[in-house]
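What follows is a short report on a single structure.
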Amino acid sequence: MGDRDSLVSREIPFMKLSDGASSSLTGPPPPLPAPYYTMADGRAVARFAVEGNVVISGGAGTLGMSAARALLEHGASGCCLWDLESTLRSSQSDMLALAKDFPKARVFGVAVDVTDSIAVAEGIQSVVQTLGSIEHLFCFAGIVGVVLAMEMTDVQWRKTLDVNTTGAFICAQAAARQMAKQGKGGCSITLTASISAHRVNYPQPQVAYNVSKAAVVALKSSLAAEWAVHGIRVNSISPGYMDTILNAGEGSIQLARESWATRNPMGRMGAVGELDGVCVLLASRAGSYINGADMVIDGGTTVF
């Protein structure tokens, strides 16, 4: 009864919202400097310019690497790719090519297990020591499990949620703490959800994955509400089926691919690179008033 009685006298923290004043971290972006505001092509470039440094978890994977290239093309001054050590090794040639193509930017990788809060904190420290600051975080790290619900073990369930949901939170929290410490605003965090957060996939059973991604959408909304006052926008992207190695193969995978295509108004999976535009949008001036949004990029799959 003592614990129950204490509930009525407890004090709970309240989140703080910004007042939106021009002097706050959530004010509108400042006017473009000359000559941008007098030139149409200058304004077009500035609108989608990515300023500052970017961290991408799962960055050595196909989609993370593609997003990294796009963000660097739009002006990111530094880019750190977080991934498992084994993935960084297997993607070393791609990382070297990325660094070679952008000699004015600092591009490097750090081995980080997103489920390990100590490793993530050390990853943040490494980025700050190398680049000086963090302005944008993209969370691409994730795993997929295709298991019938009655046959799934609790270990399989927990691992999927630990990587996809808890891992996203750990990375976002660590990055947000650094961004708030910097105190200059203009920061963004983009989580990766999925169409699986919005509908049941077919024909493959993947209840843990679906739940983990639905949780990411809810996580995005909660963090967007809490962290806007610090000048941090939090959004998520919900990709449809993307044509990567994770969805490649023969046999049952091929049958699944055919099913996915026939249930899509555009009749195909997403190609590598078709997420990049939204990533640039969310990290640029063009996305300065986008907060708490989930951007579905699926060719229309979820309209059915």
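Just remember, in the structure tokens the first chain shown is A, the second B, etc., residues are 1-based per chain, and ligands are 1-based in the order shown.
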
Near-Ala172 of chain A list (9 Å; only C-alpha atoms; drop same-chain fewer than 3 positions) as a PyMOL selection string:
chain A and resi 137-139+167-169+175-177+189-191+223

Same residues, N, CA and C atoms, saved as a PDB file, in the first residue's frame:
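Produced file out21.pdb, reproduced below:
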ATOM      1  N   LEU A 137      21.359  13.165 -37.583  1.00  0.00           N
ATOM      2  CA  LEU A 137      21.473  11.727 -37.361  1.00  0.00           C
ATOM      3  C   LEU A 137      20.426  11.009 -38.195  1.00  0.00           C
ATOM      4  N   PHE A 138      20.861   9.977 -38.907  1.00  0.00           N
ATOM      5  CA  PHE A 138      19.951   9.095 -39.634  1.00  0.00           C
ATOM      6  C   PHE A 138      20.130   7.681 -39.091  1.00  0.00           C
ATOM      7  N   CYS A 139      19.031   7.069 -38.674  1.00  0.00           N
ATOM      8  CA  CYS A 139      19.085   5.725 -38.096  1.00  0.00           C
ATOM      9  C   CYS A 139      18.594   4.704 -39.114  1.00  0.00           C
ATOM     10  N   GLY A 167      17.497   0.279 -30.195  1.00  0.00           N
ATOM     11  CA  GLY A 167      18.701   0.809 -30.827  1.00  0.00           C
ATOM     12  C   GLY A 167      18.483   2.199 -31.396  1.00  0.00           C
ATOM     13  N   ALA A 168      17.318   2.395 -32.017  1.00  0.00           N
ATOM     14  CA  ALA A 168      17.003   3.726 -32.550  1.00  0.00           C
ATOM     15  C   ALA A 168      16.912   4.751 -31.434  1.00  0.00           C
ATOM     16  N   PHE A 169      16.301   4.359 -30.307  1.00  0.00           N
ATOM     17  CA  PHE A 169      16.189   5.295 -29.190  1.00  0.00           C
ATOM     18  C   PHE A 169      17.552   5.630 -28.595  1.00  0.00           C
ATOM     19  N   ALA A 175      22.621  11.275 -29.559  1.00  0.00           N
ATOM     20  CA  ALA A 175      22.825  12.389 -30.491  1.00  0.00           C
ATOM     21  C   ALA A 175      22.139  13.650 -29.993  1.00  0.00           C
ATOM     22  N   ALA A 176      20.930  13.513 -29.461  1.00  0.00           N
ATOM     23  CA  ALA A 176      20.181  14.674 -28.984  1.00  0.00           C
ATOM     24  C   ALA A 176      20.895  15.351 -27.819  1.00  0.00           C
ATOM     25  N   ARG A 177      21.477  14.565 -26.945  1.00  0.00           N
ATOM     26  CA  ARG A 177      22.216  15.156 -25.826  1.00  0.00           C
ATOM     27  C   ARG A 177      23.364  16.024 -26.339  1.00  0.00           C
ATOM     28  N   ILE A 189      16.960  14.655 -36.566  1.00  0.00           N
ATOM     29  CA  ILE A 189      17.109  13.214 -36.364  1.00  0.00           C
ATOM     30  C   ILE A 189      16.040  12.533 -37.203  1.00  0.00           C
ATOM     31  N   THR A 190      16.464  11.591 -38.027  1.00  0.00           N
ATOM     32  CA  THR A 190      15.526  10.867 -38.884  1.00  0.00           C
ATOM     33  C   THR A 190      15.627   9.379 -38.577  1.00  0.00           C
ATOM     34  N   LEU A 191      14.532   8.818 -38.099  1.00  0.00           N
ATOM     35  CA  LEU A 191      14.459   7.395 -37.789  1.00  0.00           C
ATOM     36  C   LEU A 191      13.920   6.639 -39.004  1.00  0.00           C
ATOM     37  N   LEU A 223       9.567  12.004 -29.368  1.00  0.00           N
ATOM     38  CA  LEU A 223      10.816  12.757 -29.361  1.00  0.00           C
ATOM     39  C   LEU A 223      10.665  14.106 -30.053  1.00  0.00           C
TER      40      LEU A 223
END

Which residues of segment 166-283 of chain A come within 6 Å of segment 140-161 of chain A, and for each one, what is the closest pair of atoms and their distance in Å to one decimal, counting only C-alpha atoms, sorted by chain and residue number, as a Markdown table?
| residue | atom | partner | partner_atom | distance |
| --- | --- | --- | --- | --- |
| A:Thr192 | CA | A:Phe140 | CA | 5.7 |
| A:Pro205 | CA | A:Leu148 | CA | 5.5 |
| A:Gln206 | CA | A:Val146 | CA | 4.7 |
| A:Ala208 | CA | A:Trp157 | CA | 5.5 |
| A:Ser212 | CA | A:Leu161 | CA | 5.1 |

Output file for the residues above (N, CA and C atoms, as a compact mmCIF listing (two decimals), in the first residue's frame):
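Output file result_33.txt follows:
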# COMPACT_ATOMS: atom_id res chain seq x y z
N THR A 192 14.25 5.37 -39.10
CA THR A 192 13.73 4.55 -40.19
C THR A 192 12.66 3.61 -39.66
N PRO A 205 5.35 -13.77 -42.76
CA PRO A 205 4.98 -13.42 -41.38
C PRO A 205 6.17 -12.79 -40.67
N GLN A 206 5.98 -11.61 -40.08
CA GLN A 206 7.09 -10.96 -39.37
C GLN A 206 6.55 -10.03 -38.29
N ALA A 208 7.28 -9.50 -35.15
CA ALA A 208 8.21 -8.72 -34.32
C ALA A 208 8.71 -7.50 -35.07
N SER A 212 8.09 -3.65 -34.06
CA SER A 212 9.25 -2.79 -33.81
C SER A 212 9.18 -1.51 -34.62

I want to know what sits within 8 Å of Leu275 of chain A, based on only C-alpha atoms, with residues of the same chain fewer than 2 positions away left out; could you give that as a short mmCIF file (atom, residue, chain, number, x, y, z; two decimals) with N, CA and C atoms, in the first residue's frame?
data_model
loop_
_atom_site.label_atom_id
_atom_site.label_comp_id
_atom_site.auth_asym_id
_atom_site.auth_seq_id
_atom_site.Cartn_x
_atom_site.Cartn_y
_atom_site.Cartn_z
N LEU A 63 21.43 1.12 -48.37
CA LEU A 63 20.60 2.31 -48.29
C LEU A 63 21.29 3.42 -47.52
N ALA A 67 22.31 7.13 -49.03
CA ALA A 67 21.89 8.37 -48.38
C ALA A 67 23.09 9.24 -48.03
N PRO A 239 9.92 3.34 -45.56
CA PRO A 239 10.11 2.78 -46.90
C PRO A 239 9.21 1.58 -47.14
N VAL A 272 17.42 1.45 -55.12
CA VAL A 272 18.39 2.14 -54.28
C VAL A 272 18.52 3.58 -54.78
N GLY A 273 18.42 4.53 -53.88
CA GLY A 273 18.49 5.94 -54.25
C GLY A 273 17.14 6.63 -54.15
N GLY A 277 16.17 11.49 -51.68
CA GLY A 277 15.58 12.82 -51.77
C GLY A 277 14.89 13.23 -50.49
N VAL A 278 14.19 12.31 -49.87
CA VAL A 278 13.51 12.62 -48.61
C VAL A 278 14.53 12.85 -47.51
N CYS A 279 15.61 12.09 -47.51
CA CYS A 279 16.66 12.30 -46.50
C CYS A 279 17.25 13.70 -46.62
N ILE A 297 7.29 6.13 -48.22
CA ILE A 297 7.92 6.10 -49.54
C ILE A 297 7.79 4.67 -50.05
#

### Query
Residues at most 9 Å from Met242 of chain A, counting only C-alpha atoms, excluding those fewer than 4 positions away in the same chain, as a PyMOL selection string?
chain A and resi 63+246-247+269-272+274+298

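Distance annotation: of A:Met266, A:Cys171, A:Leu131, A:Asp101, the residue with the minimal separation from Ile118 of chain A is A:Cys171; atom set is only C-alpha atoms.
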
Using only C-alpha atoms, the shortest atom-to-atom distance to Val234 of chain A among A:Phe48, A:Phe102, A:Tyr289, A:Phe108 belongs to A:Tyr289

Spatial neighbours of Val112 of chain A, max dist 9 Å, only C-alpha atoms, sep filter under 6 positions, as an MDAnalysis selection string: chainID A and resid 57 82:85 119:120 122:123

Can you write just those residues out, C-alpha atoms, as a PDB file, in the first residue's frame?
ATOM      1  CA  SER A  57      23.760   4.246 -38.181  1.00  0.00           C
ATOM      2  CA  TRP A  82      28.244   3.640 -37.912  1.00  0.00           C
ATOM      3  CA  ASP A  83      27.926  -0.086 -38.405  1.00  0.00           C
ATOM      4  CA  LEU A  84      29.069  -3.433 -37.102  1.00  0.00           C
ATOM      5  CA  GLU A  85      32.777  -4.026 -37.528  1.00  0.00           C
ATOM      6  CA  ALA A 119      29.372   1.915 -27.568  1.00  0.00           C
ATOM      7  CA  VAL A 120      26.939   4.533 -28.894  1.00  0.00           C
ATOM      8  CA  GLU A 122      31.768   6.370 -27.471  1.00  0.00           C
ATOM      9  CA  GLY A 123      30.684   6.688 -31.101  1.00  0.00           C
TER      10      GLY A 123
END

From atom CA of Gly42 of chain A to atom CA of Arg285 of chain A the spacing works out at 13.3 Å

- Message: If we count only C-alpha atoms and set the cut-off at 7 Å, which residues sit around Met295 of chain A, ignoring sequence neighbours fewer than 5 positions away in its own chain? Please answer as a list in words.
- Response: Ser236, Ile237 and Ser238 of chain A

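Among the candidates A:Ser126, A:Thr62, A:Gly231, A:Glu11, the one nearest to Asp243 of chain A when counting only C-alpha atoms is A:Thr62.
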
| request: Check the DSSP output for the backbone and give back, as a ChimeraX atom specification, the residues of segment 62-219 of chain A in strand (DSSP E). | output: /A:78-83,106-111,136-139,187-192

Between A:Val8, A:Ile290, A:Val207, A:Leu71, smallest distance to Ser188 of chain A by only C-alpha atoms belongs to A:Ile290

Judged by only C-alpha atoms, the minimum distance to Tyr209 of chain A among A:Asn53, A:Thr165, A:Ser252, A:Ser222 is found for A:Thr165
